[in-house]
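my_file_4.txt (compact mmCIF, C-alpha atoms) appears below.
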```txt
# COMPACT_ATOMS: atom_id res chain seq x y z
CA MET A 9 117.75 98.55 122.44
CA SER A 10 116.66 97.93 118.84
CA THR A 11 118.97 97.41 115.88
CA ALA A 12 117.88 100.80 114.55
CA GLU A 13 118.85 102.47 117.82
CA LEU A 14 122.17 100.64 117.96
CA SER A 15 123.03 101.89 114.48
CA GLY A 16 121.88 105.41 115.20
CA LYS A 17 119.21 105.00 112.54
CA VAL A 18 115.74 106.26 113.45
CA ASP A 19 113.95 106.52 110.11
CA ASP A 20 115.71 105.08 107.09
CA ALA A 21 112.87 104.54 104.66
CA LEU A 22 113.46 104.56 100.91
CA GLN A 23 111.81 107.59 99.32
CA VAL A 24 111.07 107.36 95.58
CA GLY A 25 109.20 110.39 94.35
CA THR A 26 106.22 110.74 96.67
CA ARG A 27 106.28 107.08 97.72
CA THR A 28 107.94 105.65 100.81
CA PHE A 29 109.12 102.06 101.18
CA THR A 30 110.45 100.13 104.15
CA SER A 31 112.52 97.63 102.17
CA ARG A 32 115.41 98.67 99.92
CA LEU A 33 115.21 95.40 97.99
CA LEU A 34 113.14 95.50 94.81
CA ILE A 35 112.44 92.17 93.21
CA GLY A 36 111.30 90.79 89.86
CA THR A 37 108.79 88.11 88.96
CA GLY A 38 110.34 86.26 86.01
CA LYS A 39 112.11 82.91 85.67
CA TYR A 40 110.54 81.09 88.64
CA LYS A 41 109.32 77.54 88.07
CA ASP A 42 105.69 78.50 88.67
CA ILE A 43 103.51 81.29 89.98
CA GLU A 44 103.34 79.80 93.47
CA GLU A 45 107.13 79.84 93.84
CA THR A 46 107.10 83.43 92.62
CA GLY A 47 104.78 84.49 95.41
CA ARG A 48 106.66 82.60 98.11
CA ALA A 49 110.05 83.96 97.06
CA ILE A 50 108.79 87.53 96.97
CA GLU A 51 107.32 87.11 100.43
CA ALA A 52 110.64 85.73 101.72
CA SER A 53 112.50 88.70 100.26
CA GLY A 54 110.58 91.21 102.34
CA ALA A 55 110.36 93.49 99.30
CA ASP A 56 107.72 96.21 99.06
CA VAL A 57 108.23 96.83 95.33
CA VAL A 58 107.68 94.06 92.79
CA THR A 59 108.56 94.70 89.17
CA VAL A 60 106.48 93.12 86.42
CA ALA A 61 107.30 92.81 82.71
CA ILE A 62 104.05 93.94 81.12
CA ARG A 63 104.87 92.41 77.73
CA ARG A 64 105.55 88.98 79.25
CA THR A 65 103.33 88.72 82.33
CA ASN A 66 99.58 88.47 82.77
CA ILE A 67 98.21 91.00 85.24
CA GLY A 68 94.66 90.82 83.93
CA GLN A 69 94.99 91.45 80.22
CA ASN A 70 94.57 87.69 79.55
CA PRO A 71 91.60 86.55 81.69
CA ASP A 72 92.02 82.85 80.81
CA GLU A 73 95.60 82.66 82.14
CA PRO A 74 96.97 82.64 85.72
CA ASN A 75 97.09 86.20 87.03
CA LEU A 76 100.28 87.24 88.79
CA LEU A 77 98.30 89.63 90.95
CA ASP A 78 96.71 86.62 92.66
CA VAL A 79 100.03 85.92 94.41
CA VAL A 80 101.36 89.50 94.39
CA PRO A 81 98.30 91.50 95.42
CA PRO A 82 98.51 95.27 94.81
CA ASP A 83 97.06 95.98 98.24
CA ARG A 84 100.17 94.41 99.76
CA TYR A 85 102.90 95.27 97.24
CA THR A 86 103.68 98.23 95.03
CA ILE A 87 103.58 96.89 91.49
CA LEU A 88 106.32 98.38 89.31
CA PRO A 89 105.48 97.77 85.63
CA ASN A 90 108.57 97.58 83.46
CA THR A 91 109.20 97.77 79.74
CA ALA A 92 111.42 94.68 79.47
CA GLY A 93 111.57 93.49 75.88
CA CYS A 94 111.25 96.95 74.36
CA TYR A 95 113.92 97.99 71.87
CA ASN A 96 112.71 101.47 70.99
CA ALA A 97 111.15 104.46 72.72
CA LYS A 98 107.80 104.11 70.96
CA ASP A 99 107.19 100.57 72.26
CA ALA A 100 108.36 101.50 75.75
CA VAL A 101 106.02 104.48 76.01
CA ARG A 102 103.10 102.43 74.68
CA THR A 103 103.82 99.68 77.23
CA CYS A 104 103.82 102.15 80.12
CA ARG A 105 100.50 103.59 79.00
CA LEU A 106 99.02 100.08 78.81
CA ALA A 107 100.26 99.39 82.34
CA ARG A 108 98.61 102.57 83.60
CA GLU A 109 95.30 101.40 82.15
CA LEU A 110 95.59 97.90 83.60
CA LEU A 111 96.52 99.21 87.05
CA ASP A 112 93.84 101.89 87.31
CA GLY A 113 95.98 104.95 86.78
CA HIS A 114 99.14 103.73 88.53
CA ASN A 115 101.94 105.95 87.20
CA LEU A 116 105.13 104.53 88.75
CA VAL A 117 107.02 102.66 86.02
CA LYS A 118 110.43 101.21 85.35
CA LEU A 119 111.72 102.24 81.95
CA GLU A 120 114.19 100.07 80.10
CA VAL A 121 114.92 100.31 76.40
CA LEU A 122 117.34 97.62 75.28
CA GLY A 123 119.96 97.95 72.57
CA ASP A 124 120.27 94.33 71.44
CA GLU A 125 119.24 90.82 72.43
CA LYS A 126 122.76 89.53 73.12
CA THR A 127 124.03 92.01 75.71
CA LEU A 128 120.72 93.54 76.85
CA PHE A 129 122.62 96.77 77.40
CA PRO A 130 120.42 99.87 77.43
CA ASP A 131 119.99 101.89 74.27
CA ILE A 132 120.74 105.27 75.82
CA THR A 133 119.53 107.35 72.88
CA GLU A 134 116.11 105.68 72.87
CA THR A 135 116.02 105.69 76.69
CA LEU A 136 116.43 109.48 76.75
CA VAL A 137 113.64 109.91 74.19
CA ALA A 138 111.26 107.63 76.11
CA ALA A 139 112.10 109.17 79.48
CA GLU A 140 111.33 112.66 78.21
CA GLN A 141 107.96 111.57 76.81
CA LEU A 142 106.95 109.65 79.93
CA VAL A 143 107.89 112.45 82.34
CA ALA A 144 105.88 114.86 80.19
CA ASP A 145 102.96 112.40 80.39
CA ASP A 146 103.01 112.51 84.23
CA PHE A 147 104.69 109.16 84.81
CA ASP A 148 107.05 108.68 87.74
CA VAL A 149 109.95 107.12 85.88
CA MET A 150 112.55 104.81 87.39
CA VAL A 151 115.04 104.31 84.60
CA TYR A 152 117.47 101.50 83.77
CA THR A 153 120.68 102.85 82.32
CA SER A 154 124.39 102.27 81.88
CA ASP A 155 126.90 103.11 84.62
CA ASP A 156 127.85 106.36 82.87
CA PRO A 157 127.74 109.14 85.51
CA LEU A 158 126.95 111.83 82.91
CA ILE A 159 123.97 109.94 81.53
CA ALA A 160 122.74 109.20 85.05
CA LYS A 161 122.78 112.89 85.89
CA ARG A 162 121.07 113.79 82.62
CA LEU A 163 118.20 111.38 83.37
CA GLU A 164 117.81 112.88 86.82
CA GLU A 165 117.71 116.39 85.35
CA MET A 166 114.99 115.27 82.93
CA GLY A 167 112.77 114.44 85.89
CA CYS A 168 113.22 110.70 86.50
CA VAL A 169 112.43 109.84 90.14
CA SER A 170 115.14 107.16 90.34
CA VAL A 171 118.17 106.24 88.24
CA MET A 172 119.04 102.54 87.99
CA PRO A 173 122.54 101.85 86.66
CA LEU A 174 123.50 98.29 85.82
CA ALA A 175 126.09 96.51 87.94
CA ALA A 176 126.79 94.06 85.09
CA PRO A 177 124.78 92.67 82.16
CA ILE A 178 121.23 91.54 82.94
CA GLY A 179 121.15 87.99 84.26
CA SER A 180 124.95 87.63 84.31
CA GLY A 181 125.41 87.34 88.08
CA LEU A 182 128.81 89.02 87.79
CA GLY A 183 128.27 91.57 90.54
CA ILE A 184 129.37 95.21 90.38
CA GLN A 185 132.05 95.52 87.73
CA ASN A 186 132.77 99.24 87.97
CA ARG A 187 132.54 100.40 91.57
CA TYR A 188 134.12 103.77 90.83
CA ASN A 189 131.42 104.75 88.34
CA ILE A 190 128.70 103.67 90.76
CA ILE A 191 130.29 105.76 93.53
CA GLU A 192 130.50 108.75 91.18
CA ILE A 193 126.82 108.37 90.29
CA VAL A 194 125.82 108.08 93.95
CA GLU A 195 127.86 111.05 95.10
CA ASN A 196 126.32 113.37 92.49
CA ALA A 197 122.73 112.18 92.70
CA GLY A 198 119.71 114.00 94.02
CA VAL A 199 117.38 111.04 93.46
CA PRO A 200 117.63 107.42 94.66
CA ILE A 201 120.26 105.32 92.90
CA ILE A 202 119.16 101.70 92.66
CA VAL A 203 121.51 99.11 91.20
CA ASP A 204 119.69 97.12 88.56
CA ALA A 205 121.02 94.00 86.85
CA GLY A 206 124.07 91.82 87.39
CA VAL A 207 123.73 90.88 91.05
CA GLY A 208 124.49 87.20 91.60
CA THR A 209 124.63 86.57 95.33
CA ALA A 210 124.19 88.22 98.70
CA SER A 211 127.66 89.74 98.85
CA ASP A 212 127.01 91.59 95.57
CA ALA A 213 123.91 93.19 97.07
CA ALA A 214 125.76 94.11 100.26
CA ILE A 215 128.56 95.76 98.27
CA ALA A 216 126.07 97.86 96.33
CA MET A 217 124.57 99.11 99.58
CA GLU A 218 127.99 99.70 101.16
CA LEU A 219 128.87 101.92 98.19
CA GLY A 220 125.93 104.12 99.13
CA CYS A 221 123.30 102.93 96.68
CA ASP A 222 119.74 103.44 97.88
CA GLY A 223 118.55 100.01 96.87
CA VAL A 224 119.02 97.00 94.60
CA LEU A 225 116.64 95.49 92.08
CA MET A 226 117.14 91.83 91.22
CA ASN A 227 115.40 88.88 89.65
CA THR A 228 117.66 86.16 88.23
CA ALA A 229 119.88 86.03 91.32
CA VAL A 230 116.90 84.79 93.30
CA ALA A 231 114.87 82.95 90.66
CA ALA A 232 117.86 81.00 89.28
CA ALA A 233 119.25 79.99 92.67
CA GLU A 234 119.06 76.32 93.63
CA ASN A 235 116.82 77.38 96.53
CA PRO A 236 115.09 80.63 95.53
CA LEU A 237 113.31 81.09 98.86
CA LEU A 238 116.53 80.78 100.83
CA MET A 239 118.33 83.13 98.44
CA ALA A 240 115.50 85.65 98.76
CA SER A 241 115.97 85.57 102.52
CA ALA A 242 119.73 85.97 102.13
CA MET A 243 119.28 88.97 99.85
CA ARG A 244 116.96 90.59 102.36
CA LYS A 245 119.60 90.32 105.07
CA ALA A 246 122.40 91.44 102.75
CA ILE A 247 120.57 94.61 101.80
CA GLU A 248 119.94 95.44 105.46
CA ALA A 249 123.53 94.67 106.49
CA GLY A 250 125.04 96.63 103.63
CA ARG A 251 122.86 99.64 104.38
CA GLU A 252 123.77 99.60 108.07
CA ALA A 253 127.47 99.30 107.23
CA PHE A 254 127.19 102.33 104.94
CA LEU A 255 125.41 104.36 107.60
CA ALA A 256 127.94 103.28 110.23
CA GLY A 257 130.88 104.55 108.17
CA ARG A 258 133.63 102.04 107.56
CA MET A 259 137.11 102.37 109.01
CA PRO A 260 139.74 103.90 106.71
CA ARG A 261 141.83 101.55 104.62
CA ARG A 262 145.52 101.39 105.55
CA ARG A 263 148.54 100.03 103.76
CA TYR A 264 150.06 98.60 106.93
CA ALA A 265 148.95 96.79 110.05
CA SER A 266 147.45 98.64 113.00
CA ALA A 267 147.32 96.82 116.33
CA SER A 268 143.80 96.08 117.54
CA SER A 269 144.94 96.49 121.15
CA PRO A 270 146.82 99.80 121.75
CA LEU A 271 150.12 99.58 123.58
CA ASP A 272 149.70 102.90 125.41
CA GLY A 273 149.61 102.43 129.19
CA LYS A 274 150.76 98.79 129.06
CA PHE A 275 151.73 97.17 132.36
CA PHE A 276 154.79 95.27 131.20
```

Output the file's structure in the form of structure tokens.
Amino acid sequence: MSTAELSGKVDDALQVGTRTFTSRLLIGTGKYKDIEETGRAIEASGADVVTVAIRRTNIGQNPDEPNLLDVVPPDRYTILPNTAGCYNAKDAVRTCRLARELLDGHNLVKLEVLGDEKTLFPDITETLVAAEQLVADDFDVMVYTSDDPLIAKRLEEMGCVSVMPLAAPIGSGLGIQNRYNIIEIVENAGVPIIVDAGVGTASDAAIAMELGCDGVLMNTAVAAAENPLLMASAMRKAIEAGREAFLAGRMPRRRYASASSPLDGKFF
């Protein structure tokens, strides 16, 4: 019997808009020591979706530089262009349009509009403006946002295909700092909720999945590990374990002990 059968799970693919993915781990391409390590870590992660910072990464716009697509080929991975480094809606929208040109009409994008360079928290006002423009321009928008349940719902209502609340500040490795807000977002969502930013190790990813999130996007947690390839493998397993635990339904928490072996019908 397969693991899927044991867990009662027949088809548990991640559906984002019209696209279907096998892996619920989405992974970034920054901060690795070189392009070769980037490709090997992504392969070890088992991810289907690879996010690329268009303003910082060469995917063909600079023909004399190494091309990331040589190690992350679009025929194998879904490339998710992101607007990292944008601090206003105008720049974010322009970046998404550039990505669509470079990727031959590809319209799935990750929107992030940052508020400042120190915290890298999202600028929600500018994010809402950019999201509205991109949805109107026929982009499928996956949007980085705060862990505010009201904002998350508003972005969904605007037409974003996935809402991506932060677990903690980008690159902090602090793990999920406000589980109750994440649960509230998940319970009221009609689109995939993918934790984005703040994951530091495998247990952080597993917790996100156990809370009911549909996936986790990470970069620094893998790239900054002492052994990125091994961490990528660990994250892959953590995502799968956390998802299965969520589907299985955990036992209720109790204030007091409950004997593992019942005493009913004892022979002494």

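The nearest approach to Leu34 of chain A among the residues A:Ser241, A:Asn75, A:Thr59, A:Thr153, with all atoms listed in the file taken into account, belongs to A:Thr59.
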
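Atom to atom, atom CA of Ile190 of chain A and atom CA of Pro260 of chain A stand 19.4 Å apart.
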
Pick from A:Ala213, A:Leu158, A:Val101, A:Ile50 nearest to Gly183 of chain A, counting only C-alpha atoms: A:Ala213

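Between atom CA of Ala92 of chain A and atom CA of Ser154 of chain A there is a distance of 15.2 Å.
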
Top pick for closest residue to Lys98 of chain A, considering A:Leu119, A:Ile62, A:Met217, A:Leu128 and counting all atoms listed in the file: A:Leu119

One-decimal distance in Å that lies between atom CA of Gly250 of chain A and atom CA of Asn186 of chain A: 17.7 Å

Selected residue of minimal separation from Ile132 of chain A among A:Gly198, A:Gly93, A:Gly257, A:Pro173, counting all atoms listed in the file: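 Result for the nearest residue to Ile132 of chain A: A:Pro173.
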